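One file, upload31.cif, is given below (mmCIF, C-alpha atoms).
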```
data_target
loop_
_atom_site.label_atom_id
_atom_site.label_comp_id
_atom_site.auth_asym_id
_atom_site.auth_seq_id
_atom_site.Cartn_x
_atom_site.Cartn_y
_atom_site.Cartn_z
CA MET K 1 -68.92 75.63 6.01
CA ASN K 2 -66.83 72.71 4.77
CA SER K 3 -66.01 74.44 1.50
CA ILE K 4 -63.56 73.61 -1.28
CA SER K 5 -60.72 76.07 -1.79
CA GLY K 6 -58.31 74.54 -4.32
CA VAL K 7 -58.92 72.25 -7.33
CA SER K 8 -56.44 70.65 -9.71
CA ILE K 9 -57.47 68.37 -12.60
CA LYS K 10 -55.00 66.56 -14.86
CA ASN K 11 -55.60 64.33 -17.88
CA TYR K 12 -59.38 64.14 -17.53
CA ARG K 13 -61.13 64.09 -20.91
CA ALA K 14 -60.86 67.59 -22.46
CA ILE K 15 -58.58 68.82 -19.68
CA ASP K 16 -54.83 68.40 -19.88
CA ASN K 17 -53.97 70.43 -16.79
CA ALA K 18 -56.23 72.87 -14.96
CA GLU K 19 -55.92 74.51 -11.55
CA PHE K 20 -58.12 77.09 -9.87
CA LYS K 21 -59.13 78.55 -6.54
CA ALA K 22 -62.80 77.97 -5.78
CA LYS K 23 -65.20 80.47 -4.26
CA PRO K 24 -68.60 80.05 -2.59
CA ILE K 25 -69.99 80.41 -6.14
CA THR K 26 -67.86 79.17 -9.05
CA ILE K 27 -69.36 79.61 -12.52
CA ILE K 28 -67.87 77.82 -15.53
CA VAL K 29 -68.43 79.42 -18.93
CA GLY K 30 -67.18 78.95 -22.47
CA PRO K 31 -68.15 77.60 -25.90
CA ASN K 32 -69.32 74.06 -26.57
CA ASN K 33 -66.78 71.24 -26.18
CA CYS K 34 -64.34 73.38 -24.21
CA GLY K 35 -64.35 71.21 -21.07
CA LYS K 36 -67.03 72.74 -18.82
CA SER K 37 -68.64 69.37 -18.20
CA SER K 38 -65.22 67.79 -17.63
CA VAL K 39 -64.57 70.10 -14.66
CA LEU K 40 -67.91 69.28 -13.03
CA GLU K 41 -67.59 65.54 -13.70
CA ALA K 42 -64.07 65.33 -12.33
CA MET K 43 -65.06 67.19 -9.17
CA SER K 44 -68.18 65.03 -8.69
CA LEU K 45 -66.09 61.88 -9.10
CA ALA K 46 -63.48 62.94 -6.56
CA ILE K 47 -65.89 64.28 -3.92
CA SER K 48 -68.22 61.26 -4.17
CA GLU K 49 -65.38 58.79 -3.63
CA ASP K 50 -65.96 59.15 0.11
CA ASN K 51 -69.41 57.60 -0.41
CA ASN K 52 -68.61 54.82 -2.91
CA PHE K 53 -68.95 57.34 -5.75
CA LYS K 54 -72.53 58.26 -4.85
CA ASP K 55 -73.72 61.70 -3.91
CA SER K 56 -75.71 62.41 -0.76
CA LEU K 57 -78.98 61.51 -2.53
CA GLY K 58 -77.67 58.10 -3.57
CA TYR K 59 -77.08 59.15 -7.18
CA SER K 60 -74.14 57.16 -8.61
CA VAL K 61 -71.65 59.48 -10.27
CA LEU K 62 -69.50 56.51 -11.29
CA GLN K 63 -72.42 54.73 -12.93
CA TYR K 64 -73.40 57.91 -14.79
CA LEU K 65 -69.88 58.35 -16.16
CA SER K 66 -69.67 54.63 -17.02
CA ASN K 67 -72.87 54.86 -19.04
CA LYS K 68 -71.95 58.14 -20.71
CA TYR K 69 -68.35 57.47 -21.71
CA SER K 70 -67.24 54.03 -20.53
CA ILE K 71 -65.32 54.63 -17.34
CA GLY K 72 -62.09 53.25 -18.80
CA ASN K 73 -61.99 56.05 -21.39
CA LEU K 74 -61.93 59.04 -19.07
CA ALA K 75 -58.20 59.65 -19.41
CA ARG K 76 -57.23 62.18 -22.04
CA ASN K 77 -53.99 60.30 -22.59
CA PRO K 78 -54.74 56.60 -21.94
CA LYS K 79 -51.11 55.92 -21.01
CA ASP K 80 -51.27 58.32 -18.07
CA SER K 81 -53.43 58.44 -14.97
CA VAL K 82 -56.22 60.90 -14.26
CA LEU K 83 -55.39 62.98 -11.20
CA ILE K 84 -57.97 65.11 -9.38
CA ASP K 85 -56.73 67.04 -6.36
CA ILE K 86 -59.26 68.78 -4.11
CA ASP K 87 -57.68 70.51 -1.12
CA ASN K 88 -54.73 68.05 -1.11
CA CYS K 89 -56.92 64.94 -1.24
CA LYS K 90 -55.91 63.30 -4.50
CA THR K 91 -58.08 60.91 -6.49
CA GLU K 92 -56.15 58.94 -9.10
CA LEU K 93 -57.75 56.92 -11.89
CA THR K 94 -55.47 54.40 -13.60
CA VAL K 95 -56.17 51.81 -16.29
CA ILE K 96 -53.95 48.70 -16.29
CA TYR K 97 -54.39 46.47 -19.31
CA SER K 98 -52.66 43.42 -17.81
CA GLY K 99 -50.93 42.60 -14.56
CA TYR K 100 -50.80 44.98 -11.60
CA PRO K 101 -49.24 48.37 -10.83
CA ASP K 102 -45.64 48.01 -9.72
CA ASN K 103 -46.17 49.95 -6.52
CA GLU K 104 -48.05 49.91 -3.23
CA LYS K 105 -51.44 49.90 -5.01
CA GLY K 106 -50.50 46.74 -6.91
CA ARG K 107 -49.35 44.95 -3.76
CA VAL K 108 -52.52 45.93 -1.87
CA ILE K 109 -54.77 44.75 -4.72
CA GLN K 110 -52.98 41.40 -5.13
CA ASP K 111 -53.12 40.71 -1.40
CA PHE K 112 -56.80 41.62 -1.29
CA LEU K 113 -57.62 39.36 -4.26
CA LYS K 114 -55.67 36.45 -2.77
CA LYS K 115 -57.60 36.70 0.49
CA SER K 116 -60.87 37.01 -1.44
CA ILE K 117 -60.14 33.89 -3.51
CA ASP K 118 -59.17 31.91 -0.39
CA SER K 119 -62.38 33.06 1.31
CA PHE K 120 -64.42 32.04 -1.76
CA PHE K 121 -63.07 28.46 -1.64
CA GLU K 122 -63.95 28.23 2.06
CA ARG K 123 -67.65 28.77 1.34
CA ALA K 124 -69.82 25.78 2.23
CA ASP K 125 -71.61 25.71 -1.14
CA ILE K 126 -68.31 25.77 -3.07
CA ILE K 127 -66.80 23.04 -0.87
CA LYS K 128 -69.90 20.91 -1.40
CA GLU K 129 -69.82 21.44 -5.16
CA ILE K 130 -66.13 20.51 -5.43
CA ASN K 131 -66.59 17.51 -3.12
CA TYR K 132 -69.38 16.16 -5.26
CA SER K 133 -67.47 16.59 -8.49
CA PHE K 134 -64.29 15.10 -7.05
CA ASN K 135 -66.12 12.12 -5.58
CA GLU K 136 -67.87 11.28 -8.82
CA ASN K 137 -64.67 11.49 -10.85
CA SER K 138 -62.72 9.51 -8.30
CA LYS K 139 -65.24 6.66 -8.08
CA TYR K 140 -65.40 6.39 -11.84
CA ASN K 141 -61.64 6.38 -12.26
CA LEU K 142 -61.04 3.81 -9.53
CA LYS K 143 -63.68 1.44 -10.88
CA SER K 144 -62.31 1.71 -14.39
CA GLY K 145 -58.76 1.07 -13.21
CA GLN K 146 -57.59 4.57 -14.10
CA GLN K 147 -55.56 6.77 -11.85
CA SER K 148 -57.82 9.17 -9.99
CA GLN K 149 -57.89 12.72 -11.29
CA PRO K 150 -57.78 15.76 -9.12
CA ALA K 151 -61.10 16.77 -7.85
CA PRO K 152 -62.84 16.83 -1.87
CA ILE K 153 -64.05 13.61 -0.95
CA ASN K 154 -65.85 11.97 1.87
CA ILE K 155 -64.14 8.60 1.72
CA HIS K 156 -66.90 6.94 3.76
CA ASP K 157 -69.71 7.85 1.37
CA TRP K 158 -69.11 4.77 -0.77
CA ASN K 159 -67.98 1.15 -0.45
CA LEU K 160 -64.20 0.96 -0.88
CA ARG K 161 -64.27 -2.80 -1.55
CA ASP K 162 -66.05 -2.04 -4.80
CA THR K 163 -62.95 -0.26 -6.03
CA TYR K 164 -60.61 -3.28 -5.87
CA PRO K 165 -59.58 -4.91 -9.15
CA ASP K 166 -61.67 -7.95 -10.05
CA LYS K 167 -59.10 -10.46 -8.74
CA LYS K 168 -59.56 -9.00 -5.26
CA GLN K 169 -63.31 -9.04 -5.20
CA ASP K 170 -63.28 -12.12 -2.91
CA SER K 171 -63.53 -10.37 0.44
CA ASN K 172 -62.02 -13.48 2.15
CA ILE K 173 -58.67 -12.72 0.53
CA ILE K 174 -58.59 -9.24 2.03
CA SER K 175 -57.59 -8.92 5.67
CA ASP K 176 -58.80 -6.08 7.84
CA GLU K 177 -55.24 -4.81 8.13
CA GLU K 178 -54.86 -4.78 4.34
CA ASN K 179 -58.17 -3.00 3.96
CA ASP K 180 -57.19 -0.33 6.55
CA ILE K 181 -53.87 0.26 4.77
CA TYR K 182 -55.64 0.43 1.43
CA ILE K 183 -58.19 2.93 2.73
CA LYS K 184 -55.44 5.03 4.30
CA ASN K 185 -53.49 5.12 1.04
CA ILE K 186 -56.57 6.11 -0.91
CA GLU K 187 -57.40 8.81 1.62
CA ASN K 188 -53.88 10.22 1.39
CA SER K 189 -53.92 10.04 -2.38
CA PHE K 190 -57.30 11.73 -2.62
CA SER K 191 -56.30 14.42 -0.13
CA GLU K 192 -53.20 15.23 -2.17
CA ASN K 193 -55.18 15.24 -5.41
CA LEU K 194 -57.83 17.41 -3.83
CA ASN K 195 -55.31 20.01 -2.72
CA ARG K 196 -53.74 19.99 -6.18
CA TYR K 197 -57.17 20.37 -7.76
CA ILE K 198 -58.17 23.34 -5.58
CA HIS K 199 -54.75 24.89 -6.18
CA SER K 200 -55.24 24.52 -9.94
CA LEU K 201 -58.68 26.18 -9.71
CA LYS K 202 -57.18 29.09 -7.81
CA GLU K 203 -54.33 29.38 -10.31
CA ASP K 204 -56.82 29.48 -13.20
CA ILE K 205 -58.73 32.32 -11.52
CA ASN K 206 -55.52 34.19 -10.69
CA SER K 207 -54.33 33.85 -14.28
CA GLU K 208 -57.60 35.19 -15.70
CA ILE K 209 -57.56 38.12 -13.28
CA PHE K 210 -53.90 38.86 -14.02
CA ASN K 211 -54.70 39.20 -17.73
CA ALA K 212 -57.89 41.22 -17.16
CA LYS K 213 -58.07 44.97 -17.71
CA LYS K 214 -58.21 46.82 -14.40
CA LEU K 215 -59.70 50.20 -13.65
CA ILE K 216 -58.19 51.45 -10.39
CA LEU K 217 -59.47 54.46 -8.44
CA SER K 218 -57.31 55.39 -5.49
CA ARG K 219 -57.23 58.15 -2.92
CA PHE K 220 -54.08 59.71 -1.44
CA LYS K 221 -53.52 62.30 1.23
CA SER K 222 -50.00 63.62 1.74
CA GLU K 223 -48.80 60.77 -0.50
CA SER K 224 -50.33 58.23 1.90
CA LEU K 225 -52.65 55.67 0.28
CA GLU K 226 -56.04 55.87 1.98
CA ASN K 227 -58.52 54.16 -0.30
CA ILE K 228 -58.59 51.88 -3.36
CA GLN K 229 -61.53 50.86 -5.45
CA PHE K 230 -61.19 48.87 -8.64
CA ARG K 231 -63.06 47.10 -11.42
CA LEU K 232 -62.00 43.96 -13.28
CA ILE K 233 -62.86 44.09 -16.99
CA PHE K 234 -62.51 40.80 -18.90
CA ARG K 235 -61.91 40.70 -22.64
CA ASP K 236 -64.61 38.12 -23.47
CA ASN K 237 -67.63 36.60 -21.83
CA LEU K 238 -66.39 34.48 -18.98
CA LYS K 239 -66.17 30.83 -20.02
CA ASN K 240 -64.50 29.62 -16.84
CA GLN K 241 -67.51 28.67 -14.70
CA MET K 242 -65.62 28.79 -11.41
CA LEU K 243 -64.31 32.27 -12.31
CA LYS K 244 -67.91 33.31 -13.03
CA ARG K 245 -68.94 32.07 -9.61
CA PHE K 246 -66.03 33.88 -7.99
CA MET K 247 -66.78 37.18 -9.77
CA ASN K 248 -70.45 37.05 -8.72
CA TYR K 249 -69.34 36.42 -5.15
CA PHE K 250 -66.67 39.14 -5.31
CA GLN K 251 -68.94 41.81 -6.80
CA ASP K 252 -71.73 41.07 -4.30
CA LYS K 253 -69.41 41.22 -1.30
CA PHE K 254 -67.02 43.93 -2.49
CA PRO K 255 -68.93 46.00 -5.09
CA PHE K 256 -66.41 48.83 -4.81
CA GLY K 257 -63.22 46.88 -4.20
CA ILE K 258 -61.05 47.76 -1.24
CA GLN K 259 -62.01 50.24 1.44
CA ILE K 260 -58.89 51.04 3.44
CA ASN K 261 -58.82 54.11 5.63
CA ASN K 262 -60.14 57.47 4.59
CA ASN K 263 -59.05 60.56 6.49
CA CYS K 264 -59.88 63.04 3.76
CA GLN K 265 -62.49 65.61 4.62
CA LYS K 266 -65.96 64.30 3.78
CA ARG K 267 -68.46 66.61 2.18
CA THR K 268 -72.15 66.62 1.51
CA LEU K 269 -72.50 66.53 -2.29
CA ILE K 270 -75.50 67.06 -4.53
CA SER K 271 -74.46 66.27 -8.08
CA GLY K 272 -76.83 67.56 -10.74
CA LEU K 273 -74.92 66.14 -13.72
CA GLU K 274 -78.00 64.30 -14.91
CA LYS K 275 -81.24 66.23 -15.22
CA LYS K 276 -84.16 65.01 -13.10
CA ALA K 277 -82.07 62.15 -11.67
CA VAL K 278 -84.17 62.40 -8.49
CA PRO K 279 -87.92 63.22 -8.92
CA LEU K 280 -89.22 66.41 -7.35
CA GLU K 281 -91.49 64.53 -4.91
CA LYS K 282 -88.53 62.44 -3.74
CA LEU K 283 -86.50 65.60 -3.14
CA HIS K 284 -89.41 66.97 -1.09
CA ASP K 285 -89.50 63.78 0.99
CA LEU K 286 -85.75 63.96 1.63
CA VAL K 287 -86.07 67.57 2.78
CA VAL K 288 -88.85 66.45 5.17
CA GLU K 289 -86.64 63.62 6.50
CA LYS K 290 -83.92 66.13 7.34
CA ASN K 291 -86.43 68.38 9.16
CA LEU K 292 -85.70 71.21 6.74
CA ILE K 293 -89.10 71.48 5.09
CA ASN K 294 -90.48 74.45 7.07
CA GLU K 295 -87.30 76.45 6.59
CA THR K 296 -87.23 75.60 2.87
CA ILE K 297 -90.89 76.44 2.22
CA THR K 298 -90.43 79.74 4.07
CA ARG K 299 -87.53 80.62 1.77
CA ILE K 300 -89.54 79.69 -1.32
CA VAL K 301 -92.52 81.76 -0.22
CA ASN K 302 -90.29 84.75 0.57
CA GLU K 303 -88.45 84.62 -2.74
CA ILE K 304 -91.36 83.74 -5.06
CA PRO K 305 -94.03 86.34 -4.22
CA TYR K 306 -97.03 84.62 -5.79
CA ILE K 307 -96.59 81.37 -3.81
CA ASN K 308 -98.44 81.07 -0.50
CA ASP K 309 -97.62 77.48 0.38
CA ILE K 310 -96.36 74.10 -0.91
CA ARG K 311 -97.33 70.83 0.68
CA LYS K 312 -97.61 67.13 -0.08
CA THR K 313 -101.06 65.52 0.22
CA ASP K 314 -102.54 62.15 -0.67
CA LYS K 315 -103.09 63.66 -4.13
CA GLY K 316 -99.42 64.46 -4.52
CA MET K 317 -97.54 67.74 -4.22
CA MET K 318 -99.77 70.81 -4.24
CA VAL K 319 -99.11 74.53 -4.43
CA SER K 320 -101.18 77.43 -3.13
CA LEU K 321 -100.94 80.50 -5.38
CA ALA K 322 -101.91 84.06 -4.54
CA GLY K 323 -105.37 84.82 -5.91
CA HIS K 324 -106.42 81.15 -6.06
CA ASP K 325 -108.81 79.66 -3.52
CA ASN K 326 -107.87 76.05 -4.20
CA MET K 327 -104.46 74.42 -4.17
CA LEU K 328 -103.17 73.26 -7.55
CA PRO K 329 -101.14 70.14 -8.29
CA ILE K 330 -97.45 70.81 -8.96
CA SER K 331 -97.81 68.65 -12.08
CA SER K 332 -100.04 71.33 -13.61
CA MET K 333 -97.31 73.96 -13.28
CA GLY K 334 -94.73 74.65 -15.98
CA ASP K 335 -91.27 73.11 -16.23
CA GLY K 336 -89.66 76.39 -15.18
CA PHE K 337 -91.57 76.46 -11.90
CA LYS K 338 -90.69 72.84 -11.17
CA SER K 339 -87.04 73.50 -12.02
CA ILE K 340 -86.78 76.42 -9.60
CA LEU K 341 -88.39 74.32 -6.84
CA GLU K 342 -85.88 71.57 -7.55
CA VAL K 343 -82.97 73.99 -7.07
CA PHE K 344 -84.43 75.20 -3.76
CA PHE K 345 -84.73 71.60 -2.52
CA LEU K 346 -81.22 70.70 -3.70
CA SER K 347 -79.81 73.74 -1.93
CA ALA K 348 -81.51 72.74 1.32
CA LEU K 349 -80.23 69.16 1.09
CA ALA K 350 -76.66 70.34 0.44
CA LYS K 351 -76.54 72.66 3.44
CA GLN K 352 -72.92 72.94 4.60
CA GLY K 353 -71.92 71.03 1.46
CA VAL K 354 -71.53 71.34 -2.30
CA VAL K 355 -74.04 71.62 -5.15
CA ILE K 356 -72.84 70.85 -8.69
CA LEU K 357 -75.18 71.82 -11.52
CA GLU K 358 -74.82 71.56 -15.27
CA GLU K 359 -76.61 74.28 -17.23
CA PRO K 360 -79.36 75.13 -14.70
CA GLU K 361 -80.98 77.41 -17.31
CA VAL K 362 -82.36 74.34 -19.10
CA SER K 363 -86.15 74.50 -18.44
CA LEU K 364 -85.56 77.63 -16.36
CA HIS K 365 -87.72 80.27 -18.01
CA PRO K 366 -86.33 83.84 -18.15
CA GLY K 367 -88.74 84.96 -15.44
CA TYR K 368 -87.15 82.53 -12.99
CA ILE K 369 -83.53 83.49 -13.66
CA GLN K 370 -83.59 86.34 -11.14
CA MET K 371 -85.12 83.97 -8.54
CA PHE K 372 -82.41 81.42 -9.24
CA CYS K 373 -79.64 83.97 -8.85
CA GLU K 374 -81.14 85.37 -5.64
CA MET K 375 -81.43 81.88 -4.22
CA VAL K 376 -77.81 80.98 -5.09
CA ILE K 377 -76.42 84.21 -3.61
CA ASN K 378 -78.47 83.84 -0.42
CA SER K 379 -77.64 80.15 -0.03
CA SER K 380 -73.92 80.53 -0.70
CA LYS K 381 -73.25 81.44 2.93
CA GLU K 382 -74.05 77.82 3.83
CA THR K 383 -73.75 75.95 0.53
CA GLN K 384 -71.03 76.06 -2.11
CA PHE K 385 -72.13 76.13 -5.76
CA PHE K 386 -70.32 75.01 -8.91
CA PHE K 387 -72.27 75.29 -12.13
CA SER K 388 -71.74 75.65 -15.86
CA THR K 389 -73.92 77.84 -18.03
CA HIS K 390 -74.47 79.05 -21.58
CA SER K 391 -76.82 81.78 -20.38
CA ARG K 392 -75.57 85.37 -20.57
CA ASP K 393 -78.62 86.38 -18.55
CA ILE K 394 -77.62 84.15 -15.63
CA ILE K 395 -74.02 85.42 -15.66
CA GLU K 396 -74.99 89.07 -15.69
CA GLU K 397 -77.89 88.68 -13.25
CA ILE K 398 -75.86 86.81 -10.65
CA LEU K 399 -73.03 89.38 -10.84
CA GLU K 400 -75.46 92.28 -10.49
CA THR K 401 -77.24 90.57 -7.58
CA ALA K 402 -73.88 89.93 -5.92
CA ARG K 403 -72.92 93.61 -6.32
CA GLN K 404 -76.16 94.69 -4.63
CA LYS K 405 -75.44 92.31 -1.74
CA ASN K 406 -71.73 93.25 -1.53
CA SER K 407 -70.68 89.69 -2.29
CA LEU K 408 -68.79 89.97 -5.60
CA ASP K 409 -65.71 88.59 -3.85
CA ASP K 410 -67.65 85.35 -3.30
CA ILE K 411 -67.82 84.65 -7.04
CA ALA K 412 -65.22 83.18 -9.41
CA ILE K 413 -65.74 82.92 -13.17
CA LEU K 414 -63.85 80.15 -14.97
CA ARG K 415 -63.63 81.07 -18.65
CA MET K 416 -62.68 78.01 -20.66
CA HIS K 417 -61.07 78.28 -24.07
CA ASN K 418 -60.30 75.70 -26.73
CA ARG K 419 -56.58 75.77 -27.53
CA MET K 420 -56.43 74.35 -31.04
CA ASP K 421 -52.62 74.44 -31.01
CA LEU K 422 -52.56 72.23 -27.91
CA HIS K 423 -55.75 70.29 -28.68
CA ALA K 424 -56.73 70.98 -25.10
CA SER K 425 -58.74 73.37 -22.92
CA GLU K 426 -57.32 76.32 -21.06
CA ILE K 427 -58.85 78.13 -18.08
CA GLU K 428 -58.86 81.86 -17.42
CA ILE K 429 -59.97 82.81 -13.91
CA LEU K 430 -61.82 86.04 -13.18
CA SER K 431 -63.04 87.38 -9.88
CA GLY K 432 -66.62 88.60 -9.66
CA THR K 433 -65.40 92.20 -9.70
CA GLU K 434 -63.17 91.65 -12.76
CA ALA K 435 -65.97 89.90 -14.63
CA LEU K 436 -68.46 92.70 -13.94
CA ASP K 437 -65.89 95.33 -14.98
CA ASP K 438 -65.32 93.52 -18.30
CA ILE K 439 -69.04 93.41 -18.96
CA GLU K 440 -69.63 97.08 -18.13
CA SER K 441 -66.48 98.58 -19.66
CA ILE K 442 -66.18 96.66 -22.93
CA ASN K 443 -69.50 94.84 -23.10
CA CYS K 444 -67.57 91.58 -22.91
CA ASP K 445 -69.47 88.35 -23.48
CA LEU K 446 -67.82 86.14 -20.86
CA ARG K 447 -69.07 83.01 -22.55
CA GLY K 448 -66.55 83.42 -25.37
CA VAL K 449 -69.13 82.62 -28.04
#
```
Here is the file; what I need is its structure written in the form of structure tokens.
Amino acid sequence: MNSISGVSIKNYRAIDNAEFKAKPITIIVGPNNCGKSSVLEAMSLAISEDNNFKDSLGYSVLQYLSNKYSIGNLARNPKDSVLIDIDNCKTELTVIYSGYPDNEKGRVIQDFLKKSIDSFFERADIIKEINYSFNENSKYNLKSGQQSQPAPINIHDWNLRDTYPDKKQDSNIISDEENDIYIKNIENSFSENLNRYIHSLKEDINSEIFNAKKLILSRFKSESLENIQFRLIFRDNLKNQMLKRFMNYFQDKFPFGIQINNNCQKRTLISGLEKKAVPLEKLHDLVVEKNLINETITRIVNEIPYINDIRKTDKGMMVSLAGHDNMLPISSMGDGFKSILEVFFLSALAKQGVVILEEPEVSLHPGYIQMFCEMVINSSKETQFFFSTHSRDIIEEILETARQKNSLDDIAILRMHNRMDLHASEIEILSGTEALDDIESINCDLRGV
């Protein structure tokens, strides 16, 4: 299994500096506002970077964090970078309020933007738009006797004789040689003005981008830069129309910035930060697509005794219950039943990968807690679990189940504490055996509440 062994998180929201060794099952406990969610969010962000910050179901971790907090406010200390290190693959989040980083990242970003701007001005629709504007301005200025202003031109699209001053309107006075020289001079003049005009448009865009706030997410392995993704955040609504056009083009073509070379170990990730982000029927369909449905249904039937079968029909998802002749729609079942099915499906989809869950006890009725714990313990041989909880029942049940299955060594408990003197969170790490001993010997409430 491609499991995570070591995690380090620095300067992410409630967390100043936290390091821990992960196990097949890592449970995060503690009082409210102690940083449990911060650990899960930081891990989801770093693992999903390999897939443009989406998990394996297409759920956007970056979009979720952007909506929840504003992505630029994730750093605990805004002057420092966020650093998330998972097995020596480091994700760094930096906010630059103007200019560029004075390092390799800054040079890579500037070079990438320069090439993107040059590519934008080579587009046929942009060339046509600038040509039209330049032609119209040039014709007007020549006819009015003014010096032409910068703006491409097709010199043959209009009658050059019309641009002569009035005293030269008699075509008999103008020789062919004079006309050729005059046309050549105008062509040269327009070509120079055109280049100056395009250069000025590029400089305007570069200036606006230089002064824009930049959110930079980068990936390093052994100090080698492997990936950069960034966002440009402008102070006001864009008034520069050409910059607007460029940003639309840039975001369509490069929605996640620069993709360099990524040699970090890629993992299957199911991120359950947001409840019901993927509907139950969609999860079922994804399990079917991966040819895991028979195996998954067999596990559900074995672990939930009163279920005979689950299948999807033209009437939707249906369940066959012991003692019932007819199948019942899943929608008629309680939230707890649907929640436990969701966890089974997520576990199947994250086979050989990672499942991250926040407070799975929500909607999980007490009767399903033992089923949940059994499923997690059984699945942890192929799937790694990280979850936070406020439920003492889940903590004690999963430790007892692990003892019965001789797998206490596969569990780590992260007890998070609020350090008021440091205005930060602190992590205490317990093995499964240590946690169970504390519960049995001193009736310790591991949640710290």
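Rounded to one decimal, CA of Phe210 in chain K and CA of Leu93 in chain K lie 18.6 Å from each other.
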Just so the selection is clear, what residues does the PyMOL selection byres ((chain K and resi 234) around 12) cover here, as an mmCIF file with C-alpha atoms, in the coordinates of the input?
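Saved file result.cif follows:
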```
data_model
loop_
_atom_site.group_PDB
_atom_site.id
_atom_site.type_symbol
_atom_site.label_atom_id
_atom_site.label_comp_id
_atom_site.auth_asym_id
_atom_site.auth_seq_id
_atom_site.Cartn_x
_atom_site.Cartn_y
_atom_site.Cartn_z
ATOM 1 C CA ILE K 96 -53.950 48.700 -16.290
ATOM 2 C CA TYR K 97 -54.390 46.470 -19.310
ATOM 3 C CA SER K 98 -52.660 43.420 -17.810
ATOM 4 C CA ILE K 205 -58.730 32.320 -11.520
ATOM 5 C CA SER K 207 -54.330 33.850 -14.280
ATOM 6 C CA GLU K 208 -57.600 35.190 -15.700
ATOM 7 C CA ILE K 209 -57.560 38.120 -13.280
ATOM 8 C CA PHE K 210 -53.900 38.860 -14.020
ATOM 9 C CA ASN K 211 -54.700 39.200 -17.730
ATOM 10 C CA ALA K 212 -57.890 41.220 -17.160
ATOM 11 C CA LYS K 213 -58.070 44.970 -17.710
ATOM 12 C CA LYS K 214 -58.210 46.820 -14.400
ATOM 13 C CA LEU K 215 -59.700 50.200 -13.650
ATOM 14 C CA ARG K 231 -63.060 47.100 -11.420
ATOM 15 C CA LEU K 232 -62.000 43.960 -13.280
ATOM 16 C CA ILE K 233 -62.860 44.090 -16.990
ATOM 17 C CA ARG K 235 -61.910 40.700 -22.640
ATOM 18 C CA ASP K 236 -64.610 38.120 -23.470
ATOM 19 C CA ASN K 237 -67.630 36.600 -21.830
ATOM 20 C CA LEU K 238 -66.390 34.480 -18.980
ATOM 21 C CA LYS K 239 -66.170 30.830 -20.020
ATOM 22 C CA ASN K 240 -64.500 29.620 -16.840
ATOM 23 C CA LEU K 243 -64.310 32.270 -12.310
ATOM 24 C CA LYS K 244 -67.910 33.310 -13.030
ATOM 25 C CA MET K 247 -66.780 37.180 -9.770
#
```
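The space separating CA of Ile439 in chain K from CA of Ile413 in chain K comes to 12.4 Å.
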May I have the protein, DNA and RNA residues with an atom at most 12 Å from (-55.7, 27.2, -7.0), counting all atoms listed in the file in the file's coordinates, returned as a PyMOL selection string? chain K and resi 114+117-118+120-121+150-151+194-208+242-243
Export of prior selection with C-alpha atoms as a PDB file, in the frame of the given file:
```
ATOM      1  CA  LYS K 114     -55.670  36.450  -2.770  1.00  0.00           C
ATOM      2  CA  ILE K 117     -60.140  33.890  -3.510  1.00  0.00           C
ATOM      3  CA  ASP K 118     -59.170  31.910  -0.390  1.00  0.00           C
ATOM      4  CA  PHE K 120     -64.420  32.040  -1.760  1.00  0.00           C
ATOM      5  CA  PHE K 121     -63.070  28.460  -1.640  1.00  0.00           C
ATOM      6  CA  PRO K 150     -57.780  15.760  -9.120  1.00  0.00           C
ATOM      7  CA  ALA K 151     -61.100  16.770  -7.850  1.00  0.00           C
ATOM      8  CA  LEU K 194     -57.830  17.410  -3.830  1.00  0.00           C
ATOM      9  CA  ASN K 195     -55.310  20.010  -2.720  1.00  0.00           C
ATOM     10  CA  ARG K 196     -53.740  19.990  -6.180  1.00  0.00           C
ATOM     11  CA  TYR K 197     -57.170  20.370  -7.760  1.00  0.00           C
ATOM     12  CA  ILE K 198     -58.170  23.340  -5.580  1.00  0.00           C
ATOM     13  CA  HIS K 199     -54.750  24.890  -6.180  1.00  0.00           C
ATOM     14  CA  SER K 200     -55.240  24.520  -9.940  1.00  0.00           C
ATOM     15  CA  LEU K 201     -58.680  26.180  -9.710  1.00  0.00           C
ATOM     16  CA  LYS K 202     -57.180  29.090  -7.810  1.00  0.00           C
ATOM     17  CA  GLU K 203     -54.330  29.380 -10.310  1.00  0.00           C
ATOM     18  CA  ASP K 204     -56.820  29.480 -13.200  1.00  0.00           C
ATOM     19  CA  ILE K 205     -58.730  32.320 -11.520  1.00  0.00           C
ATOM     20  CA  ASN K 206     -55.520  34.190 -10.690  1.00  0.00           C
ATOM     21  CA  SER K 207     -54.330  33.850 -14.280  1.00  0.00           C
ATOM     22  CA  GLU K 208     -57.600  35.190 -15.700  1.00  0.00           C
ATOM     23  CA  MET K 242     -65.620  28.790 -11.410  1.00  0.00           C
ATOM     24  CA  LEU K 243     -64.310  32.270 -12.310  1.00  0.00           C
TER      25      LEU K 243
END
```
Once the PyMOL selection byres ((chain K and resi 38) around 12) has been evaluated on this model, what residues remain selected, and can you format them as a ChimeraX atom specification? /K:9-18,28,32-37,39-45,65,69,74-76,82,84,273,358,387-388,416,424-425
Padding of 6 Å on every side, edges along x, y and z, all listed atoms of range 99-114 of chain K included: what centre and edge lengths in Å, to one decimal, does that box have, as JSON?
```
{"center_x": -51.6, "center_y": 43.2, "center_z": -7.9, "size_x": 24.0, "size_y": 25.5, "size_z": 25.3}
```
Give as a PyMOL selection string the set of residues within 12 Å of the point (-53.8, 45.2, -1.6), where distances use the file's coordinates and all atoms listed in the file. chain K and resi 100-116+216+218+225-230+257-260
